[in-house]
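Chemist: Mind having a look at this structure? Questions to follow.
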Protein chains: 2
Amino acid sequence: MAENARVPKALFPTPQDAEAAFYEALTKNDLDAMMAVWADDDDVYCIHPNGARVTGVDHIRESWRQIFASGQRLSFQLRDQQYVTGMMLAVHSVYEHIAVVGEPRARAPVIATNIFLRTERGWRMVAHHASPAPAAGAPEPRRAAAPPKTLH
Amino acid sequence: MAENARVPKALFPTPQDAEAAFYEALTKNDLDAMMAVWADDDDVYCIHPNGARVTGVDHIRESWRQIFASGQRLSFQLRDQQYVTGMMLAVHSVYEHIAVVGEPRARAPVIATNIFLRTERGWRMVAHHASPAPAAGAPEPRRAAAPPKTLH
């Protein structure tokens with residue numbers, strides 16, 4: 001089972017499972033849990049808000065290590081999710097409403113595009129592109145409760 | 001052929017073709033060519049740099065109409081492309097090096113995640129997430145000339 005220490009054991013049967021684990025790891029500042037969500041690949045990439053592109057699982061781990069090292073605890077509310085799901089790739093667009101634990105005011109929201117790949121070990125994140133939403137950043141009105149789109 | 005005026009006639013056999021058409025339309029301020037790249041769908045979304053999420057082909061058209069109305073002519077150099085291509089979805093990450101025609105200095109680069117869907121009428125864009133790269137925004141060193149990754 002543990003033939004490769006870098007291969008995480010957790011399996012995510014759906015992109016939603018992988019995404020939930022991503023935000024749980026973020027909330028807990030849990031680096032190992034965070035990296036268990038990512039595909040173990042040199043081509044995965046992560047763009048933190050206002051950041052450059054960080055490519056490859058090793059660089060991504062280091063970027064999260066630095067973020068988690070601040071000790072700041074964040075809580076996330078996800079809203080306005082939109083999904084496009086293929087056989088092998090799934091694209092999730094979410095508004096992250098972020099609060100710092102201990103601070104009374106919520107921060108401005110962040111828009112994230114989260115991309116997941118179906119691997120032999122379940123769905124894994126292959127890209128996270130996050131950028132600050134404008135202050136009046138409520139998404140434009142759209143059809144309510146649109147069902148997730150699945151492609152076959 | 002013209003059973004639906006909103007269905008563009010152009011076909012893009014590969015995600016690369018659709019992406020090339022996207023940047024050509026941007027360069028030419030050509031709204032119809034721009035919208036021919038997008039899938040005709042209420043769930044497509046576009047995040048302009050520093051912007052909120054714009055969802056649905058009608059709102060996206062209006063956002064580009066406003067951008068093109070400025071009359072500003074831009075030129076784009078794409079660098080550091082990374083691709084993940086599935087059967088139905090393709091994810092392209094690119095650095096856009098943008099210059100305003102008539103201005104001597106290049107602007108700070110923009111990082112874009114471009115997502116394409118294979119439709120009955122070829123590959124179409126379903127998401128464009130762009131955000132400003134930091135001023136020292138050169139991507140981190142990585143393996144040179146990595147081949148595009150294709151999933152089967």
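Convention: chains lettered A, B, ... in structure tokens order; per-chain residue numbering from 1; ligands numbered from 1 as shown.
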Give me the residues near A:Ala33 as a PyMOL selection string, where near means some atom within 9 Å (using only C-alpha atoms) and where sequence neighbours in that chain fewer than 6 positions away do not count.
Modeler: chain A and resi 8+21-22+24-26
Chemist: When you get a sec, could you note down which chain B residues fall within 7 Å of chain A, using only C-alpha atoms, as a ChimeraX atom specification?
Modeler: /B:50-54,86,88-89,131-134,137,139-140
Chemist: Pick out each residue of stretch 31-90 of chain A that DSSP on the backbone tags as helix (DSSP H, G or I); I need them as a PDB file with N, CA, C and O atoms, in the first residue's frame.
Modeler:
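Just written: part-v7.pdb:
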ATOM      1  N   LEU A  31      -1.056  20.753   6.017  1.00  0.00           N
ATOM      2  CA  LEU A  31      -0.287  20.669   4.773  1.00  0.00           C
ATOM      3  C   LEU A  31      -0.392  19.281   4.137  1.00  0.00           C
ATOM      4  O   LEU A  31      -0.543  19.159   2.914  1.00  0.00           O
ATOM      5  N   ASP A  32      -0.301  18.225   4.935  1.00  0.00           N
ATOM      6  CA  ASP A  32      -0.381  16.889   4.350  1.00  0.00           C
ATOM      7  C   ASP A  32      -1.758  16.630   3.748  1.00  0.00           C
ATOM      8  O   ASP A  32      -1.876  16.046   2.667  1.00  0.00           O
ATOM      9  N   ALA A  33      -2.787  17.063   4.452  1.00  0.00           N
ATOM     10  CA  ALA A  33      -4.140  16.889   3.905  1.00  0.00           C
ATOM     11  C   ALA A  33      -4.306  17.706   2.632  1.00  0.00           C
ATOM     12  O   ALA A  33      -4.937  17.264   1.661  1.00  0.00           O
ATOM     13  N   MET A  34      -3.735  18.911   2.606  1.00  0.00           N
ATOM     14  CA  MET A  34      -3.790  19.737   1.396  1.00  0.00           C
ATOM     15  C   MET A  34      -3.123  19.019   0.226  1.00  0.00           C
ATOM     16  O   MET A  34      -3.680  18.925  -0.868  1.00  0.00           O
ATOM     17  N   MET A  35      -1.930  18.488   0.474  1.00  0.00           N
ATOM     18  CA  MET A  35      -1.203  17.889  -0.646  1.00  0.00           C
ATOM     19  C   MET A  35      -1.810  16.558  -1.077  1.00  0.00           C
ATOM     20  O   MET A  35      -1.599  16.113  -2.208  1.00  0.00           O
ATOM     21  N   ALA A  36      -2.578  15.927  -0.185  1.00  0.00           N
ATOM     22  CA  ALA A  36      -3.275  14.698  -0.573  1.00  0.00           C
ATOM     23  C   ALA A  36      -4.352  14.978  -1.618  1.00  0.00           C
ATOM     24  O   ALA A  36      -4.774  14.071  -2.344  1.00  0.00           O
ATOM     25  N   VAL A  37      -4.786  16.233  -1.707  1.00  0.00           N
ATOM     26  CA  VAL A  37      -5.818  16.590  -2.684  1.00  0.00           C
ATOM     27  C   VAL A  37      -5.212  16.749  -4.080  1.00  0.00           C
ATOM     28  O   VAL A  37      -5.868  16.485  -5.089  1.00  0.00           O
ATOM     29  N   VAL A  57       4.114  19.881  -8.027  1.00  0.00           N
ATOM     30  CA  VAL A  57       3.605  19.570  -6.697  1.00  0.00           C
ATOM     31  C   VAL A  57       4.593  20.002  -5.604  1.00  0.00           C
ATOM     32  O   VAL A  57       4.173  20.413  -4.520  1.00  0.00           O
ATOM     33  N   ASP A  58       5.880  19.958  -5.898  1.00  0.00           N
ATOM     34  CA  ASP A  58       6.845  20.346  -4.858  1.00  0.00           C
ATOM     35  C   ASP A  58       6.792  21.846  -4.566  1.00  0.00           C
ATOM     36  O   ASP A  58       6.813  22.280  -3.409  1.00  0.00           O
ATOM     37  N   HIS A  59       6.725  22.649  -5.634  1.00  0.00           N
ATOM     38  CA  HIS A  59       6.619  24.098  -5.431  1.00  0.00           C
ATOM     39  C   HIS A  59       5.277  24.462  -4.786  1.00  0.00           C
ATOM     40  O   HIS A  59       5.197  25.399  -3.980  1.00  0.00           O
ATOM     41  N   ILE A  60       4.244  23.732  -5.160  1.00  0.00           N
ATOM     42  CA  ILE A  60       2.927  24.027  -4.580  1.00  0.00           C
ATOM     43  C   ILE A  60       2.930  23.710  -3.091  1.00  0.00           C
ATOM     44  O   ILE A  60       2.422  24.484  -2.270  1.00  0.00           O
ATOM     45  N   ARG A  61       3.531  22.572  -2.728  1.00  0.00           N
ATOM     46  CA  ARG A  61       3.634  22.246  -1.298  1.00  0.00           C
ATOM     47  C   ARG A  61       4.352  23.369  -0.538  1.00  0.00           C
ATOM     48  O   ARG A  61       3.904  23.797   0.515  1.00  0.00           O
ATOM     49  N   GLU A  62       5.458  23.854  -1.112  1.00  0.00           N
ATOM     50  CA  GLU A  62       6.219  24.900  -0.430  1.00  0.00           C
ATOM     51  C   GLU A  62       5.391  26.173  -0.291  1.00  0.00           C
ATOM     52  O   GLU A  62       5.456  26.861   0.739  1.00  0.00           O
ATOM     53  N   SER A  63       4.593  26.481  -1.309  1.00  0.00           N
ATOM     54  CA  SER A  63       3.772  27.706  -1.222  1.00  0.00           C
ATOM     55  C   SER A  63       2.729  27.585  -0.117  1.00  0.00           C
ATOM     56  O   SER A  63       2.487  28.542   0.621  1.00  0.00           O
ATOM     57  N   TRP A  64       2.120  26.425   0.004  1.00  0.00           N
ATOM     58  CA  TRP A  64       1.142  26.237   1.080  1.00  0.00           C
ATOM     59  C   TRP A  64       1.827  26.192   2.443  1.00  0.00           C
ATOM     60  O   TRP A  64       1.276  26.670   3.435  1.00  0.00           O
ATOM     61  N   ARG A  65       3.021  25.613   2.481  1.00  0.00           N
ATOM     62  CA  ARG A  65       3.747  25.571   3.755  1.00  0.00           C
ATOM     63  C   ARG A  65       3.957  26.996   4.261  1.00  0.00           C
ATOM     64  O   ARG A  65       3.754  27.294   5.445  1.00  0.00           O
ATOM     65  N   GLN A  66       4.368  27.888   3.367  1.00  0.00           N
ATOM     66  CA  GLN A  66       4.586  29.274   3.768  1.00  0.00           C
ATOM     67  C   GLN A  66       3.285  29.938   4.215  1.00  0.00           C
ATOM     68  O   GLN A  66       3.263  30.703   5.183  1.00  0.00           O
ATOM     69  N   ILE A  67       2.210  29.663   3.501  1.00  0.00           N
ATOM     70  CA  ILE A  67       0.919  30.265   3.876  1.00  0.00           C
ATOM     71  C   ILE A  67       0.472  29.747   5.239  1.00  0.00           C
ATOM     72  O   ILE A  67       0.060  30.518   6.114  1.00  0.00           O
ATOM     73  N   PHE A  68       0.578  28.439   5.425  1.00  0.00           N
ATOM     74  CA  PHE A  68       0.123  27.870   6.692  1.00  0.00           C
ATOM     75  C   PHE A  68       1.028  28.285   7.853  1.00  0.00           C
ATOM     76  O   PHE A  68       0.599  28.311   9.008  1.00  0.00           O
ATOM     77  N   ALA A  69       2.296  28.594   7.555  1.00  0.00           N
ATOM     78  CA  ALA A  69       3.240  28.943   8.616  1.00  0.00           C
ATOM     79  C   ALA A  69       2.835  30.231   9.337  1.00  0.00           C
ATOM     80  O   ALA A  69       3.272  30.481  10.465  1.00  0.00           O
TER      81      ALA A  69
END
Chemist: Would you superpose chain B on chain A, least squares on all C-alpha atoms in order, and hand back the fitted chain as an mmCIF file with C-alpha atoms, in the first residue's frame?
Modeler:
data_model
loop_
_atom_site.group_PDB
_atom_site.id
_atom_site.type_symbol
_atom_site.label_atom_id
_atom_site.label_comp_id
_atom_site.auth_asym_id
_atom_site.auth_seq_id
_atom_site.Cartn_x
_atom_site.Cartn_y
_atom_site.Cartn_z
ATOM 1 C CA MET B 1 -0.171 0.074 -0.167
ATOM 2 C CA ALA B 2 2.627 2.453 0.757
ATOM 3 C CA GLU B 3 4.791 1.730 -2.253
ATOM 4 C CA ASN B 4 5.376 5.432 -2.755
ATOM 5 C CA ALA B 5 5.424 7.758 0.194
ATOM 6 C CA ARG B 6 4.383 10.690 -2.022
ATOM 7 C CA VAL B 7 1.231 8.980 -3.229
ATOM 8 C CA PRO B 8 -1.522 9.924 -0.840
ATOM 9 C CA LYS B 9 -3.774 7.169 0.347
ATOM 10 C CA ALA B 10 -7.004 9.087 0.439
ATOM 11 C CA LEU B 11 -9.408 8.530 -2.413
ATOM 12 C CA PHE B 12 -11.861 11.106 -3.601
ATOM 13 C CA PRO B 13 -14.675 9.437 -5.546
ATOM 14 C CA THR B 14 -15.961 12.742 -6.942
ATOM 15 C CA PRO B 15 -14.537 16.178 -7.700
ATOM 16 C CA GLN B 16 -16.801 17.503 -4.953
ATOM 17 C CA ASP B 17 -15.070 15.231 -2.436
ATOM 18 C CA ALA B 18 -11.671 16.491 -3.516
ATOM 19 C CA GLU B 19 -12.841 20.091 -3.317
ATOM 20 C CA ALA B 20 -14.308 19.600 0.151
ATOM 21 C CA ALA B 21 -11.006 18.117 1.298
ATOM 22 C CA PHE B 22 -9.135 21.061 -0.225
ATOM 23 C CA TYR B 23 -11.112 23.614 1.778
ATOM 24 C CA GLU B 24 -11.008 21.509 4.916
ATOM 25 C CA ALA B 25 -7.215 21.363 4.672
ATOM 26 C CA LEU B 26 -7.145 25.133 4.152
ATOM 27 C CA THR B 27 -9.326 25.663 7.198
ATOM 28 C CA LYS B 28 -7.132 23.418 9.327
ATOM 29 C CA ASN B 29 -3.761 24.645 7.998
ATOM 30 C CA ASP B 30 -3.059 20.944 7.351
ATOM 31 C CA LEU B 31 -0.268 20.682 4.787
ATOM 32 C CA ASP B 32 -0.355 16.903 4.375
ATOM 33 C CA ALA B 33 -4.120 16.905 3.923
ATOM 34 C CA MET B 34 -3.768 19.747 1.419
ATOM 35 C CA MET B 35 -1.193 17.902 -0.628
ATOM 36 C CA ALA B 36 -3.263 14.705 -0.547
ATOM 37 C CA VAL B 37 -5.803 16.583 -2.657
ATOM 38 C CA TRP B 38 -3.319 17.487 -5.394
ATOM 39 C CA ALA B 39 -2.343 15.179 -8.217
ATOM 40 C CA ASP B 40 1.290 14.177 -7.785
ATOM 41 C CA ASP B 41 2.496 15.737 -10.997
ATOM 42 C CA ASP B 42 4.992 18.267 -12.275
ATOM 43 C CA ASP B 43 2.351 20.016 -14.381
ATOM 44 C CA VAL B 44 -0.201 20.902 -11.719
ATOM 45 C CA TYR B 45 -0.385 24.597 -10.950
ATOM 46 C CA CYS B 46 -1.633 26.931 -8.276
ATOM 47 C CA ILE B 47 -2.247 30.669 -8.521
ATOM 48 C CA HIS B 48 -2.783 32.231 -5.120
ATOM 49 C CA PRO B 49 -4.688 35.552 -5.053
ATOM 50 C CA ASN B 50 -2.481 38.256 -6.614
ATOM 51 C CA GLY B 51 0.238 35.665 -7.094
ATOM 52 C CA ALA B 52 2.294 34.250 -9.906
ATOM 53 C CA ARG B 53 1.737 30.748 -11.161
ATOM 54 C CA VAL B 54 3.318 28.066 -9.016
ATOM 55 C CA THR B 55 3.910 24.888 -10.984
ATOM 56 C CA GLY B 56 4.599 21.349 -9.827
ATOM 57 C CA VAL B 57 3.604 19.577 -6.689
ATOM 58 C CA ASP B 58 6.853 20.358 -4.843
ATOM 59 C CA HIS B 59 6.621 24.101 -5.421
ATOM 60 C CA ILE B 60 2.924 24.033 -4.567
ATOM 61 C CA ARG B 61 3.644 22.260 -1.278
ATOM 62 C CA GLU B 62 6.225 24.915 -0.423
ATOM 63 C CA SER B 63 3.762 27.715 -1.224
ATOM 64 C CA TRP B 64 1.141 26.250 1.096
ATOM 65 C CA ARG B 65 3.753 25.590 3.770
ATOM 66 C CA GLN B 66 4.576 29.297 3.763
ATOM 67 C CA ILE B 67 0.912 30.270 3.877
ATOM 68 C CA PHE B 68 0.113 27.886 6.700
ATOM 69 C CA ALA B 69 3.243 28.979 8.620
ATOM 70 C CA SER B 70 1.559 32.308 9.338
ATOM 71 C CA GLY B 71 -0.677 30.455 11.750
ATOM 72 C CA GLN B 72 -3.638 32.509 10.605
ATOM 73 C CA ARG B 73 -6.832 30.476 10.768
ATOM 74 C CA LEU B 74 -9.316 31.048 7.994
ATOM 75 C CA SER B 75 -12.876 29.936 7.533
ATOM 76 C CA PHE B 76 -14.419 29.502 4.124
ATOM 77 C CA GLN B 77 -17.953 29.754 2.886
ATOM 78 C CA LEU B 78 -18.370 28.688 -0.709
ATOM 79 C CA ARG B 79 -21.129 30.253 -2.756
ATOM 80 C CA ASP B 80 -22.340 30.447 -6.327
ATOM 81 C CA GLN B 81 -20.710 27.243 -7.444
ATOM 82 C CA GLN B 82 -20.745 26.423 -11.140
ATOM 83 C CA TYR B 83 -19.549 23.043 -12.357
ATOM 84 C CA VAL B 84 -18.620 21.616 -15.712
ATOM 85 C CA THR B 85 -17.762 17.945 -15.383
ATOM 86 C CA GLY B 86 -16.260 15.741 -18.065
ATOM 87 C CA MET B 87 -15.111 12.136 -17.967
ATOM 88 C CA MET B 88 -11.589 13.013 -16.904
ATOM 89 C CA LEU B 89 -11.642 16.666 -15.952
ATOM 90 C CA ALA B 90 -13.975 18.748 -13.842
ATOM 91 C CA VAL B 91 -14.037 22.529 -13.615
ATOM 92 C CA HIS B 92 -15.502 24.197 -10.542
ATOM 93 C CA SER B 93 -15.953 27.928 -10.237
ATOM 94 C CA VAL B 94 -16.654 29.135 -6.713
ATOM 95 C CA TYR B 95 -16.803 32.328 -4.734
ATOM 96 C CA GLU B 96 -14.777 31.891 -1.546
ATOM 97 C CA HIS B 97 -16.115 34.052 1.270
ATOM 98 C CA ILE B 98 -13.217 34.096 3.685
ATOM 99 C CA ALA B 99 -13.129 35.131 7.299
ATOM 100 C CA VAL B 100 -10.089 35.225 9.535
ATOM 101 C CA VAL B 101 -10.846 33.506 12.804
ATOM 102 C CA GLY B 102 -10.767 36.214 15.472
ATOM 103 C CA GLU B 103 -11.495 39.086 13.101
ATOM 104 C CA PRO B 104 -14.981 40.580 13.135
ATOM 105 C CA ARG B 105 -15.142 41.574 9.468
ATOM 106 C CA ALA B 106 -15.183 39.226 6.542
ATOM 107 C CA ARG B 107 -12.588 39.790 3.851
ATOM 108 C CA ALA B 108 -13.411 40.568 0.264
ATOM 109 C CA PRO B 109 -14.346 37.396 -1.569
ATOM 110 C CA VAL B 110 -12.036 35.459 -3.805
ATOM 111 C CA ILE B 111 -13.056 33.809 -7.058
ATOM 112 C CA ALA B 112 -11.495 30.418 -7.625
ATOM 113 C CA THR B 113 -11.377 28.120 -10.591
ATOM 114 C CA ASN B 114 -10.671 24.638 -9.248
ATOM 115 C CA ILE B 115 -9.817 21.924 -11.744
ATOM 116 C CA PHE B 116 -9.838 18.235 -10.948
ATOM 117 C CA LEU B 117 -8.528 15.226 -12.835
ATOM 118 C CA ARG B 118 -9.797 11.670 -12.512
ATOM 119 C CA THR B 119 -6.761 9.582 -11.636
ATOM 120 C CA GLU B 120 -6.321 5.912 -10.761
ATOM 121 C CA ARG B 121 -6.626 7.006 -7.151
ATOM 122 C CA GLY B 122 -9.713 9.124 -7.485
ATOM 123 C CA TRP B 123 -10.255 12.757 -8.368
ATOM 124 C CA ARG B 124 -7.366 15.062 -7.644
ATOM 125 C CA MET B 125 -6.800 18.771 -8.019
ATOM 126 C CA VAL B 126 -4.623 19.753 -10.975
ATOM 127 C CA ALA B 127 -5.176 23.509 -10.909
ATOM 128 C CA HIS B 128 -6.325 26.203 -8.490
ATOM 129 C CA HIS B 129 -6.586 29.714 -9.903
ATOM 130 C CA ALA B 130 -7.704 32.245 -7.314
ATOM 131 C CA SER B 131 -8.108 35.991 -7.709
ATOM 132 C CA PRO B 132 -9.655 38.702 -5.549
ATOM 133 C CA ALA B 133 -13.198 39.612 -6.505
ATOM 134 C CA PRO B 134 -14.022 43.303 -6.618
ATOM 135 C CA ALA B 135 -15.410 44.773 -3.418
ATOM 136 C CA ALA B 136 -18.910 44.878 -4.849
ATOM 137 C CA GLY B 137 -18.170 41.404 -5.999
ATOM 138 C CA ALA B 138 -21.538 39.786 -5.900
ATOM 139 C CA PRO B 139 -21.905 37.683 -9.004
ATOM 140 C CA GLU B 140 -24.276 38.939 -11.622
ATOM 141 C CA PRO B 141 -27.845 37.665 -11.444
ATOM 142 C CA ARG B 142 -28.382 34.374 -13.135
ATOM 143 C CA ARG B 143 -30.753 31.490 -13.171
ATOM 144 C CA ALA B 144 -31.228 30.168 -9.669
ATOM 145 C CA ALA B 145 -30.267 26.664 -8.698
ATOM 146 C CA ALA B 146 -28.840 25.626 -12.022
ATOM 147 C CA PRO B 147 -28.067 21.918 -11.836
ATOM 148 C CA PRO B 148 -24.471 20.835 -12.266
ATOM 149 C CA LYS B 149 -23.641 20.092 -15.881
ATOM 150 C CA THR B 150 -22.262 16.651 -16.592
ATOM 151 C CA LEU B 151 -20.819 15.778 -19.962
ATOM 152 C CA HIS B 152 -20.810 12.292 -21.390
#
